[in-house]
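Q: Below you'll find the structure I mean.
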Amino acid sequence: MFNLSLYQKLAISLVIIFCFICALVYSWSKQLELNSKHHGEQNLHLALAEHLVQDNPLIKEGVYDYKALENLFHTLMLLGPAFEFYFVDENGKILTYSAEPGKVKRTHINLAPLKTLINNPDAAPIYGDNPRDQTQQKIFSVAPVFNNDTLQGYLYVIIGGEAYDTSLNNIKSNDRLWLAALWLTSALAFLLIAMLILLRFFTNPIQRLAQDVSNIEAANYSLTDTKLSNFSTQKSNEVHSLGRSIQAMVTRINEQFKALEQSDKQRKELLTHLSHDLRTPLASLQGFLEVLNQSGSQLSANEQQEYLHVSLNNCAQLKQLIEQIFELAHLENGEISIHKETFNLGELIYDCIAKFSLAADSKGIKLSVEPAICDFPVVADIAKLERVLSNLIDNAIRHTANGGNIAVHVKHIDNAQLFVQVSDTGVGIKHDELDAIFNPHYQASNSNNEGRQQGGLGLAICKGLLALMDSEINVQSELGKGTMFSFNLPQKIKV
């Protein structure tokens with residue numbers, strides 16, 4: 001099967017159907033024209049044979065002299081060259097006629113059409129045998145010939161005989177008729193070409209759309225180096241709507257591909273970082289345990305206690321990191337549920353401050369709550385909110401120098417919202433890194449881990465937990481002056 005385009009298939013189909021319809025219409029019109037012509041001519045000359053029988057004594061009183069009748073037929077044919085005259089007996093045998101020798105090919109004709117026309121003249125056109133051709137039939141006029149009351153035969157008059165056909169064919173070969181036929185053919189050809197052009201116009205958007213899809217497939221579904229056709233939004237036909245929909249779908253798929261590639265890249269980076277973060281405390285833990293195992297009796301009690309303390313710290317760091325990894329995985333998979341309840345926000349804040357008071361005192365950092373009396377009922381998940389506040393305060397302590405300040409501010413936004421801020425006077429974050437610090441495992445270039453291995457997952461977990469509580473975390477920071485994280489919470493309205 002030929003590999004044809006849609007337009008080519010439609011064009012070939014249109015040409016075939018057009019030619020078939022033209023041939024059918026031409027054949028039907030010619031047949032209708034011929035039938036109408038024969039009907040009119042036969043009705044016009046229906047009584048011709050009868051008048052000849054009634055007006056000619058040679059025929060009216062019975063035919064005896066066939067030679068004289070032949071001469072009469074010859075004379076009549078000279079007067080009316082469009083007619084041919086035959087006399088046949090009651091059995092259909094041709095008895096006499098006027099024609100050159102060899103012109104008449106039949107000796108008998110079928111009488112059934114003659115009798116039908118005599119009995120039912122309204123049935124015209126009726127066709128009878130043409131004596132000058134073995135297969136052809138012609139319209140005719142007929143009248144019975146009686147001798148007294150005895151049927152002697154029939155006067156059979158062919159309407160439009162051989163001479164008439166020859167003259168008509170000569171007329172048809174006239175230049176004017178050929179010119180008219182040429183004009184008609186040209187008009188039909190112009191109509192066909194116009195239809196093909198219109199078909200091309202209507203199918204061109206489909207062809208462009210198919211080419212776009214082929215180009216996208218060849219480019220491995222990447223739109224980076226692929227230029228798509230422009231389907232105007234001003235046109236509301238189905239093809240343009242389909243083109244715009246497919247382009248929107250492909251653009252969306254391309255965006256998803258890019259997002260998947262970016263996600264895969266981040267996943268690989270996360271795995272690399274996590275492998276490093278896990279390997280470091282594990283290696284340290286293994287090293288100290290091997291020392292204790294191999295030379296435990298040679299170590300003093302203080303040294304053994306120190307090695308055990310370091311090993312326990314490494315275990316705690318591993319546990320914290322693994323818990324953060326699982327927590328982040330559950331967040332991304334939507335496996336963490338929220339249990340909202342009404343509680344006093346101030347009590348939760350002071351509990352978190354108390355938990356980190358020793359770490360803050362060791363660095364001379366002042367922890368404060370503003371306002372000091374923080375009696376605000378809120379609707380949230382108390383465990384998840386405690387996790388957020390703890391992460392933010394822990395980060396603030398690690399990145400604030402000795403003698404710095406950390407404050408938790410609670411402000412009203414409106415009657416139904418509270419605004420919580422955790423600010424410090426620490427090292428700050430570079431402006432171009434603010435959007436990246438919430439990404440998993442990202443750590444600012446000036447972060448301070450204070451000798452502890454951190455996974456960089458705390459802020460990503462905070463953002464995910466707050467999103468589950470319909471809140472959003474924001475950050476403001478100035479390098480060398482400090483950082484402030486803020487988020488909103490729905491407030492329980494007092495009745």
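Convention: chains lettered A, B, ... in structure tokens order; per-chain residue numbering from 1; ligands numbered from 1 as shown.
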Residues at most 12 Å from Met195 in chain A, counting only C-alpha atoms, excluding those fewer than 2 positions away in the same chain, as number ranges by chain?

A: A: 10-12, 14-15, 18, 188-193, 197-202

Q: May I ask for the distance between CA of Asn474 in chain A and CA of Ala436 in chain A, given in Å to one decimal place?

A: 11.9 Å

Q: What's the separation between CA of Asn43 in chain A and CA of Pro125 in chain A, in Å to one decimal place?

A: 8.0 Å

Q: Using only C-alpha atoms, which residues sit within 6 Å of range 150-157 of chain A once same-chain residues fewer than 4 positions away are excluded, as a list of chain:residue names?

A: A:Glu84, A:Phe85, A:Tyr86, A:Phe87, A:Val88, A:Asp89, A:Glu90, A:Phe140, A:Ser141, A:Val142, A:Ala143, A:Pro144, A:Val145, A:Phe146

Q: Under the rule that only C-alpha atoms are counted, which of A:Lys463, A:His431, A:His409, A:Arg244 is the nearest residue to Arg387 in chain A?

A: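 Of all the options, A:Lys463 lies closest to Arg387 in chain A.
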
Q: From the options A:Phe326, A:Tyr350, A:Phe487, A:Phe343, which residue's atoms come nearest to Ile413 in chain A, counting only C-alpha atoms?

A: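 For Ile413 in chain A, the nearest of the candidates is A:Phe487.
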
Q: Could you tell me how far CA of Val410 in chain A sits from CA of Ala372 in chain A, in Å to one decimal place?

A: 9.7 Å

Q: For Gln136 in chain A, list every protein, DNA or RNA residue within 12 Å, evaluated using only C-alpha atoms, and leave out those in the same chain fewer than 3 positions away; present the list as an MDAnalysis selection string.

A: chainID A and resid 105:106 109 127:133 139 158 161:162

Q: Using only C-alpha atoms, which protein or nucleic acid residues come within 12 Å of range 299-311 of chain A? Drop anything in the same chain fewer than 2 positions from it, and give the result as a PyMOL selection string.

A: chain A and resi 281-297+313-318+451-452

Q: Save out the residues we just selected, N, CA, C and O atoms, as a short mmCIF file (atom, residue, chain, number, x, y, z; two decimals), in the first residue's frame.

A:
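See selection-v7.cif below for the written result:
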```
data_model
loop_
_atom_site.label_atom_id
_atom_site.label_comp_id
_atom_site.auth_asym_id
_atom_site.auth_seq_id
_atom_site.Cartn_x
_atom_site.Cartn_y
_atom_site.Cartn_z
N PRO A 281 29.39 9.55 60.93
CA PRO A 281 29.22 9.09 62.31
C PRO A 281 29.40 7.58 62.46
O PRO A 281 29.86 7.10 63.50
N LEU A 282 29.04 6.84 61.41
CA LEU A 282 29.24 5.39 61.48
C LEU A 282 30.72 5.03 61.57
O LEU A 282 31.13 4.16 62.35
N ALA A 283 31.52 5.72 60.75
CA ALA A 283 32.96 5.46 60.77
C ALA A 283 33.55 5.84 62.13
O ALA A 283 34.39 5.12 62.69
N SER A 284 33.09 6.99 62.65
CA SER A 284 33.59 7.42 63.96
C SER A 284 33.17 6.43 65.04
O SER A 284 33.97 6.04 65.91
N LEU A 285 31.89 6.02 64.99
CA LEU A 285 31.39 5.07 65.97
C LEU A 285 32.15 3.75 65.90
O LEU A 285 32.55 3.17 66.92
N GLN A 286 32.37 3.26 64.69
CA GLN A 286 33.09 2.01 64.51
C GLN A 286 34.52 2.11 65.04
O GLN A 286 35.03 1.20 65.69
N GLY A 287 35.14 3.26 64.74
CA GLY A 287 36.52 3.44 65.20
C GLY A 287 36.65 3.40 66.72
O GLY A 287 37.52 2.70 67.27
N PHE A 288 35.80 4.14 67.41
CA PHE A 288 35.87 4.17 68.88
C PHE A 288 35.52 2.81 69.48
O PHE A 288 36.13 2.37 70.46
N LEU A 289 34.54 2.13 68.91
CA LEU A 289 34.17 0.82 69.42
C LEU A 289 35.29 -0.20 69.21
O LEU A 289 35.52 -1.08 70.06
N GLU A 290 35.98 -0.11 68.06
CA GLU A 290 37.11 -1.01 67.82
C GLU A 290 38.24 -0.77 68.83
O GLU A 290 38.88 -1.71 69.31
N VAL A 291 38.48 0.51 69.14
CA VAL A 291 39.51 0.82 70.14
C VAL A 291 39.13 0.24 71.49
O VAL A 291 39.96 -0.37 72.20
N LEU A 292 37.83 0.44 71.86
CA LEU A 292 37.37 -0.10 73.14
C LEU A 292 37.45 -1.62 73.15
O LEU A 292 37.78 -2.24 74.17
N ASN A 293 37.14 -2.25 72.02
CA ASN A 293 37.13 -3.71 71.96
C ASN A 293 38.53 -4.31 71.99
O ASN A 293 38.77 -5.32 72.64
N GLN A 294 39.47 -3.67 71.30
CA GLN A 294 40.81 -4.24 71.17
C GLN A 294 41.73 -3.88 72.33
O GLN A 294 42.59 -4.66 72.73
N SER A 295 41.57 -2.69 72.84
CA SER A 295 42.51 -2.25 73.89
C SER A 295 41.76 -1.67 75.08
O SER A 295 42.20 -0.67 75.66
N GLY A 296 40.62 -2.23 75.38
CA GLY A 296 39.81 -1.69 76.47
C GLY A 296 40.53 -1.76 77.81
O GLY A 296 40.46 -0.84 78.63
N SER A 297 41.29 -2.86 78.07
CA SER A 297 41.98 -2.99 79.36
C SER A 297 43.17 -2.06 79.50
O SER A 297 43.64 -1.80 80.62
N ASN A 313 27.13 9.84 71.38
CA ASN A 313 26.77 11.03 70.59
C ASN A 313 26.59 10.69 69.12
O ASN A 313 25.66 11.16 68.45
N ASN A 314 27.51 9.85 68.60
CA ASN A 314 27.39 9.42 67.19
C ASN A 314 26.12 8.61 66.98
O ASN A 314 25.44 8.76 65.95
N CYS A 315 25.79 7.74 67.94
CA CYS A 315 24.54 6.98 67.84
C CYS A 315 23.33 7.91 67.83
O CYS A 315 22.36 7.71 67.08
N ALA A 316 23.37 8.93 68.68
CA ALA A 316 22.25 9.89 68.75
C ALA A 316 22.11 10.64 67.43
O ALA A 316 21.00 10.90 66.95
N GLN A 317 23.27 11.03 66.87
CA GLN A 317 23.22 11.74 65.59
C GLN A 317 22.66 10.84 64.49
O GLN A 317 21.85 11.28 63.66
N LEU A 318 23.10 9.57 64.48
CA LEU A 318 22.57 8.63 63.48
C LEU A 318 21.07 8.45 63.65
O LEU A 318 20.31 8.44 62.67
N GLY A 451 30.49 21.18 65.16
CA GLY A 451 31.09 19.87 65.35
C GLY A 451 30.12 18.72 65.22
O GLY A 451 30.49 17.57 65.32
N ARG A 452 28.83 18.99 64.98
CA ARG A 452 27.84 17.93 64.82
C ARG A 452 27.51 17.73 63.35
O ARG A 452 27.47 18.69 62.58
#
```

Q: My list of candidates is A:Asn405, A:Thr425, A:Ile338, A:Thr107. Which is closest to Gly364 in chain A when distances are computed with only C-alpha atoms?

A: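 Nearest to Gly364 in chain A: A:Asn405.
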
Q: For Ile406 in chain A, which residue out of A:Leu367, A:Cys374, A:Ala360, A:Val53 is the nearest one, using only C-alpha atoms?

A: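 When distances to Ile406 in chain A are compared using only C-alpha atoms, the smallest one comes from A:Leu367.
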
Q: Which neighbours of Phe419 in chain A fall inside 12 Å, counting only C-alpha atoms, when residues of the same chain fewer than 5 positions from it are skipped, and could you give them as a PDB file with N, CA, C and O atoms, in the first residue's frame?

A:
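The result, written out as part25.pdb:
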```pdb
ATOM      1  N   LEU A 345      -1.028  28.446  72.832  1.00  0.00           N
ATOM      2  CA  LEU A 345       0.228  28.559  72.104  1.00  0.00           C
ATOM      3  C   LEU A 345       1.363  28.967  73.045  1.00  0.00           C
ATOM      4  O   LEU A 345       2.501  28.483  72.907  1.00  0.00           O
ATOM      5  N   GLU A 370       7.917  37.162  73.193  1.00  0.00           N
ATOM      6  CA  GLU A 370       7.216  38.452  73.134  1.00  0.00           C
ATOM      7  C   GLU A 370       5.843  38.229  72.505  1.00  0.00           C
ATOM      8  O   GLU A 370       5.772  37.675  71.392  1.00  0.00           O
ATOM      9  N   PHE A 376      -2.607  32.714  73.896  1.00  0.00           N
ATOM     10  CA  PHE A 376      -3.330  32.694  72.613  1.00  0.00           C
ATOM     11  C   PHE A 376      -3.786  31.264  72.308  1.00  0.00           C
ATOM     12  O   PHE A 376      -2.947  30.375  72.122  1.00  0.00           O
ATOM     13  N   VAL A 378      -4.920  28.430  69.908  1.00  0.00           N
ATOM     14  CA  VAL A 378      -4.796  28.180  68.468  1.00  0.00           C
ATOM     15  C   VAL A 378      -5.336  26.790  68.144  1.00  0.00           C
ATOM     16  O   VAL A 378      -5.474  25.933  69.031  1.00  0.00           O
ATOM     17  N   VAL A 408      11.079  34.647  70.280  1.00  0.00           N
ATOM     18  CA  VAL A 408       9.877  34.119  69.633  1.00  0.00           C
ATOM     19  C   VAL A 408       8.793  35.165  69.787  1.00  0.00           C
ATOM     20  O   VAL A 408       8.381  35.474  70.912  1.00  0.00           O
ATOM     21  N   HIS A 409       8.351  35.729  68.640  1.00  0.00           N
ATOM     22  CA  HIS A 409       7.326  36.781  68.653  1.00  0.00           C
ATOM     23  C   HIS A 409       5.997  36.179  68.200  1.00  0.00           C
ATOM     24  O   HIS A 409       5.961  35.365  67.269  1.00  0.00           O
ATOM     25  N   VAL A 410       4.928  36.611  68.842  1.00  0.00           N
ATOM     26  CA  VAL A 410       3.576  36.217  68.441  1.00  0.00           C
ATOM     27  C   VAL A 410       2.796  37.495  68.188  1.00  0.00           C
ATOM     28  O   VAL A 410       2.678  38.346  69.080  1.00  0.00           O
ATOM     29  N   LYS A 411       2.258  37.629  66.955  1.00  0.00           N
ATOM     30  CA  LYS A 411       1.537  38.847  66.585  1.00  0.00           C
ATOM     31  C   LYS A 411       0.180  38.487  66.012  1.00  0.00           C
ATOM     32  O   LYS A 411      -0.015  37.405  65.450  1.00  0.00           O
ATOM     33  N   HIS A 412      -0.740  39.427  66.159  1.00  0.00           N
ATOM     34  CA  HIS A 412      -2.062  39.285  65.542  1.00  0.00           C
ATOM     35  C   HIS A 412      -1.985  39.751  64.087  1.00  0.00           C
ATOM     36  O   HIS A 412      -1.438  40.793  63.777  1.00  0.00           O
ATOM     37  N   ILE A 413      -2.568  38.950  63.183  1.00  0.00           N
ATOM     38  CA  ILE A 413      -2.772  39.416  61.806  1.00  0.00           C
ATOM     39  C   ILE A 413      -4.185  39.970  61.685  1.00  0.00           C
ATOM     40  O   ILE A 413      -4.410  41.070  61.220  1.00  0.00           O
ATOM     41  N   ASP A 414      -5.146  39.167  62.080  1.00  0.00           N
ATOM     42  CA  ASP A 414      -6.538  39.602  62.153  1.00  0.00           C
ATOM     43  C   ASP A 414      -7.186  38.799  63.278  1.00  0.00           C
ATOM     44  O   ASP A 414      -6.503  38.152  64.067  1.00  0.00           O
ATOM     45  N   SER A 471      -0.431  26.192  56.519  1.00  0.00           N
ATOM     46  CA  SER A 471       0.389  27.361  56.824  1.00  0.00           C
ATOM     47  C   SER A 471       1.597  27.371  55.896  1.00  0.00           C
ATOM     48  O   SER A 471       1.925  26.358  55.266  1.00  0.00           O
ATOM     49  N   GLU A 472       2.256  28.512  55.843  1.00  0.00           N
ATOM     50  CA  GLU A 472       3.405  28.671  54.954  1.00  0.00           C
ATOM     51  C   GLU A 472       4.522  29.379  55.718  1.00  0.00           C
ATOM     52  O   GLU A 472       4.285  30.383  56.391  1.00  0.00           O
ATOM     53  N   ILE A 473       5.724  28.840  55.606  1.00  0.00           N
ATOM     54  CA  ILE A 473       6.872  29.418  56.304  1.00  0.00           C
ATOM     55  C   ILE A 473       7.615  30.370  55.376  1.00  0.00           C
ATOM     56  O   ILE A 473       7.759  30.117  54.171  1.00  0.00           O
ATOM     57  N   ASN A 474       8.054  31.483  55.930  1.00  0.00           N
ATOM     58  CA  ASN A 474       8.812  32.480  55.173  1.00  0.00           C
ATOM     59  C   ASN A 474      10.089  32.813  55.949  1.00  0.00           C
ATOM     60  O   ASN A 474      10.176  32.593  57.167  1.00  0.00           O
ATOM     61  N   PHE A 485      12.461  33.546  60.830  1.00  0.00           N
ATOM     62  CA  PHE A 485      11.488  32.655  60.198  1.00  0.00           C
ATOM     63  C   PHE A 485      10.122  32.995  60.747  1.00  0.00           C
ATOM     64  O   PHE A 485       9.959  33.267  61.937  1.00  0.00           O
ATOM     65  N   SER A 486       9.115  32.940  59.883  1.00  0.00           N
ATOM     66  CA  SER A 486       7.762  33.301  60.311  1.00  0.00           C
ATOM     67  C   SER A 486       6.752  32.390  59.633  1.00  0.00           C
ATOM     68  O   SER A 486       6.969  31.912  58.513  1.00  0.00           O
ATOM     69  N   PHE A 487       5.618  32.178  60.333  1.00  0.00           N
ATOM     70  CA  PHE A 487       4.521  31.389  59.773  1.00  0.00           C
ATOM     71  C   PHE A 487       3.239  31.803  60.482  1.00  0.00           C
ATOM     72  O   PHE A 487       3.265  32.390  61.565  1.00  0.00           O
ATOM     73  N   ASN A 488       2.118  31.508  59.862  1.00  0.00           N
ATOM     74  CA  ASN A 488       0.818  31.891  60.413  1.00  0.00           C
ATOM     75  C   ASN A 488       0.095  30.668  60.986  1.00  0.00           C
ATOM     76  O   ASN A 488       0.315  29.525  60.551  1.00  0.00           O
ATOM     77  N   LEU A 489      -0.789  30.919  61.927  1.00  0.00           N
ATOM     78  CA  LEU A 489      -1.597  29.858  62.551  1.00  0.00           C
ATOM     79  C   LEU A 489      -3.027  30.360  62.732  1.00  0.00           C
ATOM     80  O   LEU A 489      -3.231  31.543  63.064  1.00  0.00           O
ATOM     81  N   PRO A 490      -4.007  29.501  62.548  1.00  0.00           N
ATOM     82  CA  PRO A 490      -5.405  29.911  62.810  1.00  0.00           C
ATOM     83  C   PRO A 490      -5.644  29.998  64.320  1.00  0.00           C
ATOM     84  O   PRO A 490      -5.232  29.135  65.085  1.00  0.00           O
ATOM     85  N   GLN A 491      -6.282  31.066  64.744  1.00  0.00           N
ATOM     86  CA  GLN A 491      -6.513  31.297  66.178  1.00  0.00           C
ATOM     87  C   GLN A 491      -7.921  30.850  66.549  1.00  0.00           C
ATOM     88  O   GLN A 491      -8.875  31.041  65.805  1.00  0.00           O
TER      89      GLN A 491
END
```

Q: Pull the alpha helix (DSSP H) assignments for range 337-377 of chain A out of DSSP run on the backbone, and list those residues as a ChimeraX atom specification.

A: /A:345-355,357-362

Q: Convert the current residue selection to file output with N, CA, C and O atoms, as a short mmCIF file (atom, residue, chain, number, x, y, z; two decimals), in the first residue's frame.

A:
```cif
data_model
loop_
_atom_site.label_atom_id
_atom_site.label_comp_id
_atom_site.auth_asym_id
_atom_site.auth_seq_id
_atom_site.Cartn_x
_atom_site.Cartn_y
_atom_site.Cartn_z
N LEU A 345 -1.03 28.45 72.83
CA LEU A 345 0.23 28.56 72.10
C LEU A 345 1.36 28.97 73.04
O LEU A 345 2.50 28.48 72.91
N GLY A 346 1.09 29.84 73.99
CA GLY A 346 2.13 30.31 74.90
C GLY A 346 2.76 29.18 75.70
O GLY A 346 3.98 29.12 75.88
N GLU A 347 1.93 28.25 76.17
CA GLU A 347 2.47 27.13 76.95
C GLU A 347 3.41 26.28 76.11
O GLU A 347 4.47 25.84 76.57
N LEU A 348 3.05 26.04 74.82
CA LEU A 348 3.90 25.25 73.94
C LEU A 348 5.23 25.96 73.69
O LEU A 348 6.31 25.33 73.70
N ILE A 349 5.18 27.28 73.49
CA ILE A 349 6.41 28.04 73.23
C ILE A 349 7.34 27.98 74.43
O ILE A 349 8.55 27.74 74.31
N TYR A 350 6.79 28.17 75.64
CA TYR A 350 7.63 28.14 76.84
C TYR A 350 8.21 26.74 77.09
O TYR A 350 9.32 26.60 77.59
N ASP A 351 7.45 25.71 76.73
CA ASP A 351 7.98 24.34 76.85
C ASP A 351 9.18 24.15 75.93
O ASP A 351 10.19 23.54 76.33
N CYS A 352 9.08 24.67 74.71
CA CYS A 352 10.21 24.54 73.77
C CYS A 352 11.41 25.37 74.25
O CYS A 352 12.56 24.92 74.12
N ILE A 353 11.16 26.56 74.77
CA ILE A 353 12.24 27.40 75.27
C ILE A 353 12.96 26.68 76.42
O ILE A 353 14.21 26.66 76.50
N ALA A 354 12.17 26.05 77.30
CA ALA A 354 12.77 25.36 78.44
C ALA A 354 13.63 24.19 77.98
O ALA A 354 14.68 23.88 78.59
N LYS A 355 13.22 23.53 76.90
CA LYS A 355 13.96 22.39 76.41
C LYS A 355 15.36 22.76 75.92
O LYS A 355 16.30 21.97 75.99
N SER A 357 17.00 25.61 76.98
CA SER A 357 17.59 26.63 77.87
C SER A 357 19.02 26.28 78.24
O SER A 357 19.89 27.17 78.30
N LEU A 358 19.32 25.02 78.51
CA LEU A 358 20.68 24.64 78.86
C LEU A 358 21.66 24.88 77.73
O LEU A 358 22.76 25.40 77.94
N ALA A 359 21.23 24.51 76.50
CA ALA A 359 22.10 24.73 75.34
C ALA A 359 22.33 26.22 75.13
O ALA A 359 23.44 26.66 74.77
N ALA A 360 21.29 27.04 75.34
CA ALA A 360 21.43 28.49 75.17
C ALA A 360 22.31 29.08 76.28
O ALA A 360 23.16 29.94 76.00
N ASP A 361 22.13 28.63 77.52
CA ASP A 361 22.94 29.16 78.62
C ASP A 361 24.42 28.84 78.42
O ASP A 361 25.29 29.64 78.80
N SER A 362 24.70 27.66 77.85
CA SER A 362 26.11 27.30 77.64
C SER A 362 26.82 28.24 76.68
O SER A 362 28.04 28.36 76.71
#
```

Q: Can you pull out every residue within 10 Å of Glu478 in chain A, counting only C-alpha atoms, but drop anything in the same chain fewer than 6 positions away, and send it as a list in words?

A: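 With the cut-off at 10 Å, the set is Thr425, Gly426, Val427, Gly428, Ile429, Lys430, His431 and Met484 of chain A.
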
Q: Can you work out which one of A:Ile397, A:Val475, A:Leu466, A:Ile216 has the shortest atom-to-atom distance to Asp435 in chain A, counting only C-alpha atoms?

A: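 Among the listed residues, A:Val475 lies closest to Asp435 in chain A.
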